[in-house]
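Dropping model-v3.txt in here (compact mmCIF, C-alpha atoms and all ligand atoms):
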```
# COMPACT_ATOMS: atom_id res chain seq x y z
CA MET I 1 -40.01 -36.40 155.00
CA LYS I 2 -41.12 -33.02 153.78
CA LEU I 3 -39.79 -31.68 150.49
CA ILE I 4 -38.11 -28.75 152.26
CA THR I 5 -35.95 -31.37 154.00
CA HIS I 6 -35.36 -33.25 150.77
CA ASN I 7 -34.19 -29.97 149.21
CA MET I 8 -31.44 -29.69 151.85
CA LEU I 9 -30.57 -33.34 152.45
CA THR I 10 -27.42 -34.92 150.93
CA SER I 11 -25.45 -38.16 151.11
CA LYS I 12 -22.12 -36.29 151.19
CA CYS I 13 -21.19 -37.94 154.50
CA LEU I 14 -20.61 -41.20 152.59
CA LYS I 15 -16.98 -42.04 151.99
CA GLY I 16 -16.02 -41.22 148.41
CA VAL I 17 -19.09 -39.09 147.72
CA LEU I 18 -18.54 -35.42 146.85
CA THR I 19 -21.90 -33.66 146.82
CA GLY I 20 -24.45 -36.47 147.13
CA TYR I 21 -27.16 -34.17 145.83
CA PRO I 22 -29.98 -34.31 144.92
CA LEU I 23 -31.12 -37.61 146.35
CA ALA I 24 -33.56 -39.45 144.09
CA ILE I 25 -36.91 -40.19 145.71
CA ASN I 26 -38.76 -43.48 145.44
CA ALA I 27 -42.01 -43.22 147.31
CA THR I 28 -44.53 -45.97 148.05
CA ASP I 29 -46.66 -43.84 150.39
CA VAL I 30 -47.15 -40.06 150.18
CA LYS I 31 -49.45 -38.03 152.43
CA VAL I 32 -50.58 -34.43 152.57
CA ASN I 33 -50.78 -33.08 156.12
CA GLU I 34 -52.18 -29.64 156.74
CA VAL I 35 -49.72 -27.11 158.18
CA ASP I 36 -50.38 -23.47 159.17
CA PHE I 37 -49.53 -21.14 156.29
CA ASN I 38 -46.81 -18.61 157.11
CA PRO I 39 -46.18 -16.48 153.99
CA ASP I 40 -43.18 -14.71 155.61
CA PHE I 41 -41.41 -17.99 156.19
CA ILE I 42 -42.07 -19.27 152.68
CA ALA I 43 -40.88 -16.01 151.09
CA ARG I 44 -37.68 -16.11 153.19
CA ILE I 45 -36.88 -19.73 152.39
CA ILE I 46 -37.28 -19.56 148.61
CA PRO I 47 -33.88 -17.97 147.81
CA LYS I 48 -32.23 -20.80 149.75
CA LEU I 49 -33.86 -23.57 147.76
CA ASP I 50 -32.70 -25.36 144.68
CA TRP I 51 -35.95 -24.70 142.84
CA GLU I 52 -35.36 -27.14 140.04
CA VAL I 53 -34.77 -29.93 142.56
CA LEU I 54 -37.98 -28.96 144.36
CA TRP I 55 -40.00 -28.92 141.17
CA ARG I 56 -38.74 -32.32 140.07
CA ALA I 57 -39.30 -33.85 143.48
CA ALA I 58 -42.86 -32.48 143.57
CA ASP I 59 -43.44 -33.69 140.01
CA SER I 60 -42.16 -37.20 140.75
CA LEU I 61 -44.67 -37.40 143.62
CA GLY I 62 -47.51 -36.09 141.46
CA HIS I 63 -47.75 -32.77 143.30
CA SER I 64 -46.33 -30.25 140.82
CA GLU I 65 -49.70 -28.93 139.75
CA GLY I 66 -49.71 -25.13 139.86
CA LEU I 67 -46.04 -25.01 140.79
CA PRO I 68 -44.07 -22.90 138.25
CA GLN I 69 -40.87 -24.45 136.88
CA VAL I 70 -39.05 -21.17 137.45
CA VAL I 71 -39.56 -18.71 140.30
CA GLU I 72 -40.84 -15.40 138.93
CA SER I 73 -39.48 -12.12 140.19
CA ASN I 74 -41.74 -10.43 142.74
CA TYR I 75 -42.77 -13.79 144.16
CA GLU I 76 -42.94 -12.33 147.71
CA ALA I 77 -46.14 -10.52 146.79
CA ASN I 78 -47.81 -13.41 145.00
CA GLN I 79 -50.03 -15.07 147.63
CA GLU I 80 -51.22 -17.80 145.32
CA PHE I 81 -47.68 -18.77 144.46
CA LEU I 82 -46.61 -18.70 148.13
CA LYS I 83 -49.54 -20.96 149.03
CA THR I 84 -48.62 -23.50 146.37
CA ALA I 85 -44.99 -23.40 147.48
CA HIS I 86 -46.12 -23.81 151.10
CA LYS I 87 -48.09 -26.91 150.26
CA VAL I 88 -45.27 -28.50 148.29
CA LEU I 89 -42.57 -27.62 150.85
CA LEU I 90 -44.34 -28.36 154.13
CA GLU I 91 -47.53 -30.33 153.54
CA VAL I 92 -46.55 -33.07 151.09
CA GLU I 93 -44.75 -35.82 152.99
CA VAL I 94 -43.08 -39.02 151.87
CA GLU I 95 -44.11 -41.60 154.47
CA GLU I 96 -42.55 -44.74 153.04
CA GLY I 97 -39.95 -45.31 150.35
CA TYR I 98 -36.26 -44.68 149.92
CA LEU I 99 -33.72 -42.11 148.78
CA THR I 100 -30.87 -42.93 146.42
CA CYS I 101 -27.43 -41.32 146.41
CA PRO I 102 -26.76 -39.98 142.87
CA GLU I 103 -23.06 -40.87 143.04
CA SER I 104 -22.86 -44.21 144.82
CA GLY I 105 -26.34 -45.63 144.36
CA ARG I 106 -26.56 -46.25 148.12
CA GLN I 107 -30.19 -46.36 149.25
CA PHE I 108 -31.52 -44.76 152.42
CA PRO I 109 -34.87 -46.13 153.62
CA ILE I 110 -37.71 -43.82 154.66
CA THR I 111 -39.96 -45.33 157.33
CA LYS I 112 -42.83 -43.58 159.11
CA GLY I 113 -41.73 -40.43 157.31
CA ILE I 114 -38.17 -40.53 158.70
CA PRO I 115 -35.20 -41.00 156.35
CA ASN I 116 -32.53 -43.22 157.87
CA MET I 117 -29.17 -41.62 157.05
CA LEU I 118 -27.13 -43.78 159.45
CA LEU I 119 -23.96 -45.15 157.87
CA THR I 120 -22.04 -48.33 158.51
CA GLU I 121 -18.53 -48.04 159.94
CA ALA I 122 -17.04 -48.79 156.53
CA GLU I 123 -19.05 -46.01 154.88
CA VAL I 124 -17.91 -43.22 157.23
CA GLN I 125 -15.27 -40.89 155.84
CA MET V 1 -20.43 -45.68 189.71
CA SER V 2 -21.16 -42.92 187.26
CA LYS V 3 -24.71 -41.69 186.78
CA ARG V 4 -23.93 -40.07 183.46
CA PRO V 5 -26.09 -41.61 180.70
CA GLU V 6 -23.13 -41.38 178.29
CA HIS V 7 -21.22 -43.84 180.50
CA GLN V 8 -23.98 -46.40 180.51
CA ALA V 9 -24.60 -47.30 176.87
CA PRO V 10 -24.39 -45.91 173.34
CA PRO V 11 -27.11 -43.25 172.80
CA GLU V 12 -29.21 -45.33 170.41
CA LEU V 13 -29.40 -48.05 173.08
CA PHE V 14 -29.69 -45.83 176.15
CA TYR V 15 -32.62 -43.95 174.59
CA ASN V 16 -34.70 -47.06 173.95
CA GLU V 17 -38.50 -47.15 173.90
CA ASP V 18 -38.75 -47.23 177.67
CA GLU V 19 -36.33 -44.40 178.33
CA ALA V 20 -37.77 -42.31 175.48
CA ARG V 21 -41.22 -42.52 177.05
CA LYS V 22 -40.04 -41.87 180.61
CA TYR V 23 -37.92 -38.95 179.47
CA THR V 24 -40.69 -37.27 177.54
CA GLN V 25 -43.37 -37.67 180.23
CA ASN V 26 -41.28 -36.27 183.09
CA SER V 27 -42.66 -32.80 183.81
CA ARG V 28 -39.43 -31.67 185.48
CA ILE V 29 -37.45 -32.64 182.38
CA ILE V 30 -39.99 -30.94 180.12
CA ASP V 31 -39.59 -27.68 182.09
CA ILE V 32 -35.81 -27.75 182.21
CA GLN V 33 -35.43 -28.60 178.52
CA ALA V 34 -37.85 -25.77 177.66
CA GLN V 35 -35.92 -23.25 179.78
CA MET V 36 -32.60 -24.23 178.27
CA THR V 37 -34.02 -24.12 174.76
CA GLU V 38 -35.30 -20.60 175.39
CA ARG V 39 -31.84 -19.55 176.49
CA CYS V 40 -30.39 -21.13 173.32
CA ILE V 41 -32.82 -19.14 171.19
CA GLU V 42 -31.82 -15.97 173.04
CA LEU V 43 -28.15 -16.71 172.36
CA LEU V 44 -28.86 -17.34 168.66
CA VAL V 45 -29.77 -13.64 168.26
CA LEU V 46 -31.92 -14.21 165.20
CA PRO V 47 -33.33 -11.13 163.46
CA ASP V 48 -36.49 -9.93 165.23
CA ASP V 49 -39.84 -11.42 164.28
CA THR V 50 -38.51 -13.46 161.38
CA PRO V 51 -39.56 -17.08 161.17
CA SER V 52 -36.35 -19.01 160.56
CA LEU V 53 -35.32 -22.49 159.51
CA LEU V 54 -33.36 -24.10 162.35
CA LEU V 55 -31.52 -27.37 162.76
CA ASP V 56 -32.09 -29.16 166.09
CA ILE V 57 -29.15 -31.50 166.73
CA GLY V 58 -30.03 -34.42 168.98
CA CYS V 59 -33.68 -33.34 168.81
CA GLY V 60 -34.88 -36.47 170.61
CA SER V 61 -38.62 -36.56 171.21
CA GLY V 62 -38.97 -32.91 170.24
CA LEU V 63 -39.12 -31.22 173.66
CA SER V 64 -36.64 -28.60 172.44
CA GLY V 65 -38.36 -28.46 169.05
CA SER V 66 -41.72 -27.63 170.62
CA VAL V 67 -40.15 -24.46 172.04
CA LEU V 68 -38.69 -23.55 168.63
CA GLU V 69 -42.25 -23.84 167.27
CA GLU V 70 -43.63 -21.60 170.00
CA TYR V 71 -41.19 -18.96 168.82
CA GLY V 72 -42.50 -19.30 165.28
CA HIS V 73 -39.58 -21.19 163.76
CA MET V 74 -39.58 -24.21 161.46
CA TRP V 75 -37.10 -26.90 162.42
CA ILE V 76 -35.48 -30.02 161.07
CA GLY V 77 -34.33 -32.43 163.75
CA LEU V 78 -31.56 -34.95 163.66
CA ASP V 79 -31.20 -37.78 166.17
CA ILE V 80 -29.50 -41.16 166.45
CA SER V 81 -32.28 -42.81 168.47
CA SER V 82 -35.25 -44.06 166.48
CA ALA V 83 -37.16 -44.64 169.74
CA MET V 84 -36.85 -40.93 170.60
CA LEU V 85 -37.91 -39.93 167.09
CA ASP V 86 -40.91 -42.26 167.34
CA VAL V 87 -42.07 -40.38 170.41
CA ALA V 88 -41.60 -37.11 168.51
CA LEU V 89 -43.92 -38.54 165.83
CA GLU V 90 -46.51 -39.47 168.46
CA ARG V 91 -46.34 -35.96 169.88
CA GLU V 92 -47.05 -34.62 166.39
CA THR V 93 -44.33 -31.99 166.54
CA GLU V 94 -44.17 -29.71 163.51
CA GLY V 95 -40.49 -30.33 162.82
CA ASP V 96 -39.27 -32.77 160.19
CA LEU V 97 -37.12 -35.62 161.46
CA VAL V 98 -33.98 -37.37 160.21
CA LEU V 99 -32.32 -40.43 161.76
CA ALA V 100 -28.57 -39.71 161.73
CA ASP V 101 -25.43 -39.73 163.85
CA MET V 102 -24.01 -36.23 164.22
CA GLY V 103 -20.51 -37.71 164.58
CA GLU V 104 -20.74 -38.97 160.98
CA GLY V 105 -21.34 -35.41 159.79
CA VAL V 106 -24.33 -33.14 159.23
CA PRO V 107 -25.96 -34.40 156.01
CA PHE V 108 -27.25 -31.10 154.61
CA LYS V 109 -26.14 -28.96 151.71
CA ALA V 110 -24.29 -25.69 152.14
CA GLY V 111 -26.13 -22.70 153.60
CA SER V 112 -29.30 -24.59 154.54
CA PHE V 113 -30.03 -23.23 158.01
CA ASP V 114 -30.49 -19.82 159.65
CA GLY V 115 -29.17 -21.30 162.87
CA ALA V 116 -28.71 -24.49 164.86
CA VAL V 117 -29.55 -25.44 168.43
CA SER V 118 -28.70 -28.50 170.43
CA VAL V 119 -30.03 -29.15 173.91
CA SER V 120 -28.38 -31.76 176.16
CA ALA V 121 -26.83 -33.82 173.35
CA LEU V 122 -23.27 -32.67 172.58
CA GLN V 123 -21.63 -34.48 175.51
CA TRP V 124 -22.47 -37.76 173.78
CA LEU V 125 -19.79 -37.04 171.18
CA PHE V 126 -17.08 -37.75 173.75
CA ASN V 127 -18.10 -41.41 173.68
CA ALA V 128 -16.22 -43.98 171.66
CA ASP V 129 -18.98 -46.55 171.22
CA LYS V 130 -17.58 -48.36 168.23
CA LYS V 131 -14.11 -49.60 167.36
CA SER V 132 -13.81 -46.95 164.66
CA HIS V 133 -14.90 -44.07 166.90
CA GLN V 134 -12.32 -41.41 167.69
CA PRO V 135 -14.01 -38.55 169.56
CA VAL V 136 -11.64 -35.87 168.22
CA LYS V 137 -12.21 -36.98 164.65
CA ARG V 138 -15.97 -37.16 165.13
CA LEU V 139 -16.05 -33.73 166.75
CA TYR V 140 -14.14 -32.21 163.86
CA LYS V 141 -16.28 -33.97 161.27
CA PHE V 142 -19.39 -32.75 163.05
CA PHE V 143 -18.30 -29.12 163.43
CA SER V 144 -16.91 -28.78 159.90
CA THR V 145 -20.04 -30.16 158.24
CA LEU V 146 -22.25 -28.12 160.57
CA TYR V 147 -20.32 -24.99 159.62
CA ALA V 148 -20.98 -25.68 155.94
CA SER V 149 -24.70 -26.28 156.49
CA LEU V 150 -25.24 -22.86 158.09
CA SER V 151 -25.95 -19.67 156.17
CA ARG V 152 -23.51 -16.79 156.57
CA SER V 153 -23.67 -15.01 159.93
CA ALA V 154 -25.74 -17.86 161.41
CA ARG V 155 -24.94 -19.18 164.87
CA ALA V 156 -25.04 -22.58 166.51
CA VAL V 157 -25.79 -22.76 170.24
CA PHE V 158 -25.36 -25.92 172.32
CA GLN V 159 -26.43 -26.48 175.89
CA PHE V 160 -24.42 -29.44 177.10
CA TYR V 161 -23.02 -31.22 180.15
CA PRO V 162 -19.22 -31.29 180.06
CA GLU V 163 -17.46 -33.72 182.34
CA ASN V 164 -14.26 -31.79 182.83
CA GLU V 165 -12.22 -28.84 181.69
CA SER V 166 -10.34 -30.78 179.00
CA GLN V 167 -13.62 -31.54 177.22
CA LEU V 168 -14.26 -27.79 177.02
CA ASP V 169 -10.83 -27.33 175.47
CA LEU V 170 -11.38 -30.13 173.01
CA LEU V 171 -14.75 -28.75 171.92
CA THR V 172 -13.56 -25.20 171.40
CA THR V 173 -10.38 -26.31 169.64
CA GLN V 174 -12.22 -28.52 167.16
CA ALA V 175 -14.93 -25.91 166.56
CA MET V 176 -12.30 -23.21 165.84
CA LYS V 177 -10.44 -25.59 163.55
CA ALA V 178 -13.69 -26.06 161.62
CA GLY V 179 -13.92 -22.30 161.05
CA PHE V 180 -16.21 -21.17 163.86
CA TYR V 181 -15.31 -18.65 166.48
CA GLY V 182 -16.94 -18.20 169.85
CA GLY V 183 -16.65 -20.01 173.13
CA VAL V 184 -18.40 -21.31 176.19
CA VAL V 185 -20.81 -19.13 178.14
CA VAL V 186 -21.45 -20.32 181.70
CA ASP V 187 -24.69 -19.13 183.26
CA TYR V 188 -24.81 -18.99 187.07
CA PRO V 189 -21.25 -20.32 187.44
CA ASN V 190 -21.46 -20.33 191.24
CA SER V 191 -24.73 -22.14 191.66
CA ALA V 192 -24.51 -25.90 191.77
CA LYS V 193 -28.13 -26.20 190.67
CA ALA V 194 -28.50 -23.45 188.10
CA LYS V 195 -25.05 -23.61 186.48
CA LYS V 196 -25.40 -24.24 182.74
CA PHE V 197 -22.90 -24.49 179.91
CA PHE V 198 -23.60 -23.08 176.45
CA LEU V 199 -21.22 -23.40 173.55
CA VAL V 200 -21.89 -20.41 171.31
CA LEU V 201 -20.46 -20.72 167.80
CA MET V 202 -20.49 -17.97 165.20
CA THR V 203 -19.77 -18.13 161.50
CA GLY V 204 -19.08 -14.54 160.54
CA GLY V 205 -18.64 -10.98 161.74
CA ALA V 206 -16.85 -10.21 164.98
CA ALA V 207 -19.43 -10.01 167.72
CA PRO V 208 -18.27 -10.55 171.30
CA LEU V 209 -19.54 -13.52 173.22
CA PRO V 210 -22.84 -12.80 174.96
CA GLN V 211 -23.05 -12.00 178.66
CA ALA V 212 -23.45 -15.02 180.90
CA LEU V 213 -26.35 -14.94 183.34
CA GLY V 214 -25.60 -14.78 187.04
CA THR V 215 -22.24 -13.01 186.63
CA GLU V 216 -20.92 -9.46 186.85
CA GLU V 217 -20.93 -7.39 183.67
CA SER V 218 -17.15 -7.02 183.95
CA ASP V 219 -16.73 -10.79 184.07
CA ASN V 220 -17.63 -11.25 180.49
CA SER V 221 -14.10 -11.42 179.21
CA LEU V 222 -14.18 -12.46 175.59
CA GLN V 223 -13.66 -15.94 174.25
CA ILE V 224 -13.94 -17.06 177.83
CA LYS V 225 -14.29 -20.54 178.99
CA TYR V 226 -15.63 -19.44 182.34
CA ALA V 227 -17.13 -16.47 184.02
CA ARG V 228 -15.54 -17.10 187.37
CA ARG V 229 -16.46 -14.47 189.91
CA GLU V 230 -19.11 -14.43 192.60
CA ALA V 231 -22.65 -14.61 191.26
CA SER V 232 -24.42 -11.32 191.75
CA LYS V 233 -26.51 -9.77 189.02
CA GLY V 234 -28.47 -12.48 187.29
CA ALA V 235 -31.08 -12.77 184.61
CA ARG V 236 -32.85 -9.55 183.76
CA GLY V 237 -30.84 -7.69 186.40
CA LYS V 238 -31.94 -9.86 189.30
CA PRO V 239 -29.56 -11.99 191.33
CA LEU V 240 -30.30 -15.67 191.59
CA LYS V 241 -32.67 -16.49 194.43
CA ASN V 242 -31.15 -17.55 197.77
CA THR V 243 -27.62 -16.63 196.80
CA ARG V 244 -25.59 -14.27 198.96
CA ALA V 245 -26.09 -11.48 196.43
CA TRP V 246 -29.83 -11.99 196.52
CA LEU V 247 -29.89 -11.81 200.32
CA ILE V 248 -27.76 -8.68 200.40
CA GLU V 249 -29.97 -6.98 197.86
CA LYS V 250 -33.05 -7.95 199.82
CA LYS V 251 -31.58 -6.61 203.05
CA GLU V 252 -30.58 -3.38 201.32
CA LYS V 253 -34.16 -2.97 200.22
CA ARG V 254 -35.43 -3.50 203.78
CA ARG V 255 -32.98 -0.90 205.05
CA LYS V 256 -34.15 1.58 202.45
CA GLN V 257 -37.70 0.91 203.52
CA GLY V 258 -36.56 1.73 207.07
CA LYS V 259 -37.13 -1.77 208.41
CA GLU V 260 -34.90 -3.26 211.08
CA THR V 261 -32.23 -5.36 209.32
CA LYS V 262 -29.17 -7.24 210.58
CA PRO V 263 -25.84 -5.96 209.23
CA ASP V 264 -24.19 -7.84 206.34
CA THR V 265 -21.31 -10.01 207.53
CA LYS V 266 -19.16 -12.65 206.00
CA TYR V 267 -21.73 -15.14 207.26
CA THR V 268 -24.58 -13.61 205.27
CA GLY V 269 -25.99 -16.16 202.86
CA ARG V 270 -23.78 -18.97 204.09
CA LYS V 271 -25.16 -22.46 204.36
CA ARG V 272 -26.01 -23.44 207.93
CA SER V 273 -24.53 -26.66 209.15
CA GLY V 274 -27.97 -28.05 209.92
CA ARG V 275 -26.69 -29.71 213.08
CA PHE V 276 -29.06 -27.96 215.45
C1 LIG L 1 -31.15 -35.64 176.68
S1 LIG L 1 -31.75 -35.95 175.04
C2 LIG L 1 -32.25 -34.32 174.53
C3 LIG L 1 -33.34 -34.32 173.50
C4 LIG L 1 -33.93 -32.96 173.15
N1 LIG L 1 -32.94 -32.07 172.57
C5 LIG L 1 -34.56 -32.33 174.37
O1 LIG L 1 -34.19 -31.20 174.70
O2 LIG L 1 -35.41 -32.95 174.98
C6 LIG L 1 -30.26 -36.23 174.12
C7 LIG L 1 -30.49 -36.70 172.70
O3 LIG L 1 -29.25 -36.69 171.98
C8 LIG L 1 -29.28 -37.77 171.07
N2 LIG L 1 -27.92 -38.12 170.62
C9 LIG L 1 -26.91 -38.62 171.36
N3 LIG L 1 -25.84 -38.87 170.59
C10 LIG L 1 -26.18 -38.52 169.32
C11 LIG L 1 -25.48 -38.54 168.07
N4 LIG L 1 -24.25 -39.00 167.98
N5 LIG L 1 -26.13 -38.08 166.96
C12 LIG L 1 -27.41 -37.64 167.05
N6 LIG L 1 -28.11 -37.60 168.21
C13 LIG L 1 -27.50 -38.03 169.34
C14 LIG L 1 -29.95 -38.86 171.88
O4 LIG L 1 -30.44 -39.91 171.05
C15 LIG L 1 -31.04 -38.10 172.62
O5 LIG L 1 -32.25 -38.11 171.93
```

Any chance you could give the structure as C-alpha cells?
Ligand SMILES: C[S@@+](CC[C@H](N)C(=O)[O-])C[C@H]1O[C@@H](n2cnc3c(N)ncnc32)[C@H](O)[C@@H]1O
Amino acid sequence: MKLITHNMLTSKCLKGVLTGYPLAINATDVKVNEVDFNPDFIARIIPKLDWEVLWRAADSLGHSEGLPQVVESNYEANQEFLKTAHKVLLEVEVEEGYLTCPESGRQFPITKGIPNMLLTEAEVQ
Amino acid sequence: MSKRPEHQAPPELFYNEDEARKYTQNSRIIDIQAQMTERCIELLVLPDDTPSLLLDIGCGSGLSGSVLEEYGHMWIGLDISSAMLDVALERETEGDLVLADMGEGVPFKAGSFDGAVSVSALQWLFNADKKSHQPVKRLYKFFSTLYASLSRSARAVFQFYPENESQLDLLTTQAMKAGFYGGVVVDYPNSAKAKKFFLVLMTGGAAPLPQALGTEESDNSLQIKYARREASKGARGKPLKNTRAWLIEKKEKRRKQGKETKPDTKYTGRKRSGRF
C-alpha cells in the first residue's frame, strides 16, 4: 500500500462508521520501490490530499525527512519539494501490517502490500 | 447450461489461482481487454495530456490497468479476488491494489479520483452470492459511494456484459438515484462480434452522451439505452469490416475508380447459406 492510497482510503463502508478516516497504520514491513518521477502528476494531486494525514503517515513509517509539515504556496515550481512528495506518495510502500478504523477499532490486514477491506455480512451497512 | 462466469460461482471463487493465470496469459483476452480499456479512456474525456488519478473497479490482474499506465495515468485498483490481485503483483503493474467488494461500497474519501473505469466486471453485481446479497441494494450502495469518491465533473465508464434489457434498466435507475446522469452507449449494435456495452456516468455539467461507434450520427439520441439502426459509419469514419455498409462503400469506391462492379441489391452483404 502506497501512502497516496492510504490518504484516500477509509473504513466508512463499515456499519455504524461515519467517516472512518484516517486509518491508523501499523507496519511490520515497509519498502521503498523506485517509481518514475512525474512532477505534473504530483503537482496536480497535492490539492486533493489531506496533507496532515500524509505527513503523519510518513512520519510513523520513518519517512518524513525533508517533508514539510505544511505545503508552501508556489509548490508547483519547487522541484525538490515535488521529488520528496513523489517519494513519500508513490515509492514508500507498506508491505505487511494492518490498518485500524479510528471509530470502531476494526483492523484490516495488509499482506503482500494489499490492504484487505473485505467486510463480513454483519459489518455491511 | 449457461457459459456466463457469473452463473458458475461467486467471483472470488471463480477467479481462483488457476483461472487468474489462464485469464492473464491468454493473448486474445489481453488484446480485447486492452481495446475495451482504450475505449473507456476515450469515453472518460479527461483533460488533454494531464496525468490523472483513476480508480479501476474490478481491476483483476491489471490488464486494464496496464493500458491506463500506457496513457500516463496513475491508478488504484479494487478487486474481490486475491488470486487475480496476486497475478497483478507478479506482473509488477504500477497501480496500487486493494482487496474489496464493490457491492459493499467504494472505500475512498470524497473527491479522491479524476475518473473511474471498470472493464468486464460490473455484470458480477447482479449476482446474489450470499444470503444477505440483494443486487439492487448492492448496486445502489456501489454507485452512491462511487459518486462520492469522484471529483466534480469526473466520469465513470464501465464496459460490461449485460444479460438482458432489464439489467440495463436496473443499472441506469440505480446510477441516477445515486446522483449520476448518463446512460448506456452501445458500440457496433448490429455486429454480434463487435457489439460492446459501455455505461457512461457523469457527475456534473450537462454534456450529451458520446456517439456510439458503428452507428449513424443521427442515432445518438440522448440518454439512450441503444443505438438501434443499421451499422454504417464506424470508428474514425470507417464502417465495420465485412458489414453491408462496408461492402457498399467498397463497391462505391470501385465504381468511382471506373472498375466493373455489380449493382447493390438487397442481397449485398448478406450471409450465404453455405450449403453449396
Ligand atoms: C473479467 S475480469 C476483468 C479484470 C480486468 N478489469 C481486465 O480488464 O482484465 C473481472 C474482475 O472483476 C472482479 N469482480 C467481480 N465481482 C467483483 C466485486 N463484487 N467487487 C470487486 N471486484 C469484482 C473479478 O474478481 C475479476 O477480477

Surroundings of ligand LIG 1 (chain L) up to 9 Å, based on all atoms listed in the file, as JSON, numbers by chain:
{"V": [5, 6, 10, 11, 12, 13, 14, 15, 16, 20, 23, 24, 29, 30, 32, 33, 34, 36, 37, 56, 57, 58, 59, 60, 61, 62, 63, 64, 65, 77, 78, 79, 80, 81, 82, 83, 84, 85, 99, 100, 101, 102, 103, 104, 117, 118, 119, 120, 121, 122, 123, 124, 125, 127, 138]}

Would you compute the distance between atom CA of V:Lys193 and atom CA of V:Gln25? Give it in Å to one decimal.
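Calculated distance between atom CA of V:Lys193 and atom CA of V:Gln25 is 21.7 Å.
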
Which distance in Å separates atom CA of V:Gly72 and atom CA of I:Glu80, to one decimal?
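Here the two named atoms are 21.8 Å from each other.
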
Closest atom pairs, chain I residues within 10 Å of chain V, all atoms listed in the file, as a Markdown table:
```
| residue | atom | partner | partner_atom | distance |
| --- | --- | --- | --- | --- |
| I:Met1 | CA | V:Asp96 | CA | 6.4 |
| I:Lys2 | CA | V:Asp96 | CA | 6.7 |
| I:Leu3 | CA | V:Asp96 | CA | 9.8 |
| I:Ile4 | CA | V:Asp96 | CA | 9.0 |
| I:Thr5 | CA | V:Asp96 | CA | 7.2 |
| I:His6 | CA | V:Phe108 | CA | 9.2 |
| I:Asn7 | CA | V:Lys109 | CA | 8.5 |
| I:Met8 | CA | V:Phe108 | CA | 5.2 |
| I:Leu9 | CA | V:Phe108 | CA | 4.6 |
| I:Thr10 | CA | V:Phe108 | CA | 5.3 |
| I:Ser11 | CA | V:Pro107 | CA | 6.2 |
| I:Lys12 | CA | V:Pro107 | CA | 6.4 |
| I:Cys13 | CA | V:Gly105 | CA | 5.9 |
| I:Leu14 | CA | V:Glu104 | CA | 8.7 |
| I:Thr19 | CA | V:Lys109 | CA | 8.0 |
| I:Gly20 | CA | V:Lys109 | CA | 9.0 |
| I:Tyr21 | CA | V:Lys109 | CA | 7.9 |
| I:Pro22 | CA | V:Lys109 | CA | 9.5 |
| I:Val35 | CA | V:Glu94 | CA | 8.1 |
| I:Asp36 | CA | V:Glu94 | CA | 9.8 |
| I:Asn38 | CA | V:Pro51 | CA | 8.4 |
| I:Pro39 | CA | V:Pro51 | CA | 9.8 |
| I:Asp40 | CA | V:Pro51 | CA | 7.0 |
| I:Phe41 | CA | V:Pro51 | CA | 5.4 |
| I:Ile42 | CA | V:Pro51 | CA | 9.1 |
| I:Arg44 | CA | V:Ser52 | CA | 8.0 |
| I:Ile45 | CA | V:Leu53 | CA | 7.8 |
| I:Lys48 | CA | V:Ser112 | CA | 6.8 |
| I:Leu49 | CA | V:Ser112 | CA | 8.2 |
| I:Leu90 | CA | V:Asp96 | CA | 9.0 |
| I:Glu93 | CA | V:Asp96 | CA | 9.5 |
| I:Ile110 | CA | V:Val98 | CA | 9.3 |
| I:Lys112 | CA | V:Leu89 | CA | 8.5 |
| I:Gly113 | CA | V:Leu97 | CA | 7.8 |
| I:Ile114 | CA | V:Val98 | CA | 5.5 |
| I:Pro115 | CA | V:Val98 | CA | 5.4 |
| I:Asn116 | CA | V:Leu99 | CA | 4.8 |
| I:Met117 | CA | V:Ala100 | CA | 5.1 |
| I:Leu118 | CA | V:Ala100 | CA | 4.9 |
| I:Leu119 | CA | V:Glu104 | CA | 7.6 |
| I:Thr120 | CA | V:Glu104 | CA | 9.8 |
| I:Glu121 | CA | V:Ser132 | CA | 6.8 |
| I:Ala122 | CA | V:Ser132 | CA | 8.9 |
| I:Glu123 | CA | V:Glu104 | CA | 9.5 |
| I:Val124 | CA | V:Glu104 | CA | 6.3 |
| I:Gln125 | CA | V:Glu104 | CA | 7.7 |
```

For atom CA of V:Ser27 and atom CA of V:Val67, quote the distance in Å rounded to one decimal.
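Atom-to-atom, atom CA of V:Ser27 and atom CA of V:Val67 are spaced 14.6 Å apart.
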
Taking all atoms listed in the file into account, which of V:Leu55, V:Leu68, V:Leu201, V:Ala88 comes nearest V:Phe180?
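Checking each candidate against V:Phe180, we get V:Leu201 as the closest.
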
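With all atoms listed in the file as the atoms that count, the minimum distance from V:Cys40 to the choices V:Ala116, V:Ala148, V:Ser191, V:Gln167 is reached by V:Ala116.
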
Which centre and which edge lengths, in Å to one decimal, describe the axis-aligned box that holds all listed atoms of stretch 156-160 of chain V after 4 Å is added on each side, as lines of an AutoDock Vina configuration file?
```
center_x = -25.4
center_y = -26.0
center_z = 171.8
size_x = 10.0
size_y = 14.9
size_z = 18.6
```

Taking 4 positions as the minimum chain separation for residues in the same chain, which residues sit within 12 Å of I:Asn78 when counting all atoms listed in the file? Answer as a ChimeraX atom specification.
/I:39-40,42-43,71-74,82-85

Could you take the residues named above and write them with C-alpha atoms, as a PDB file, in the coordinates of the input?
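Written out: result33.pdb:
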```
ATOM      1  CA  PRO I  39     -46.180 -16.480 153.990  1.00  0.00           C
ATOM      2  CA  ASP I  40     -43.180 -14.710 155.610  1.00  0.00           C
ATOM      3  CA  ILE I  42     -42.070 -19.270 152.680  1.00  0.00           C
ATOM      4  CA  ALA I  43     -40.880 -16.010 151.090  1.00  0.00           C
ATOM      5  CA  VAL I  71     -39.560 -18.710 140.300  1.00  0.00           C
ATOM      6  CA  GLU I  72     -40.840 -15.400 138.930  1.00  0.00           C
ATOM      7  CA  SER I  73     -39.480 -12.120 140.190  1.00  0.00           C
ATOM      8  CA  ASN I  74     -41.740 -10.430 142.740  1.00  0.00           C
ATOM      9  CA  LEU I  82     -46.610 -18.700 148.130  1.00  0.00           C
ATOM     10  CA  LYS I  83     -49.540 -20.960 149.030  1.00  0.00           C
ATOM     11  CA  THR I  84     -48.620 -23.500 146.370  1.00  0.00           C
ATOM     12  CA  ALA I  85     -44.990 -23.400 147.480  1.00  0.00           C
TER      13      ALA I  85
END
```

Here is a test: counting all atoms listed in the file, which residue of I:Phe81, I:Val70, I:Ala58, I:Trp51 is nearest to I:Ala24?
I:Ala58
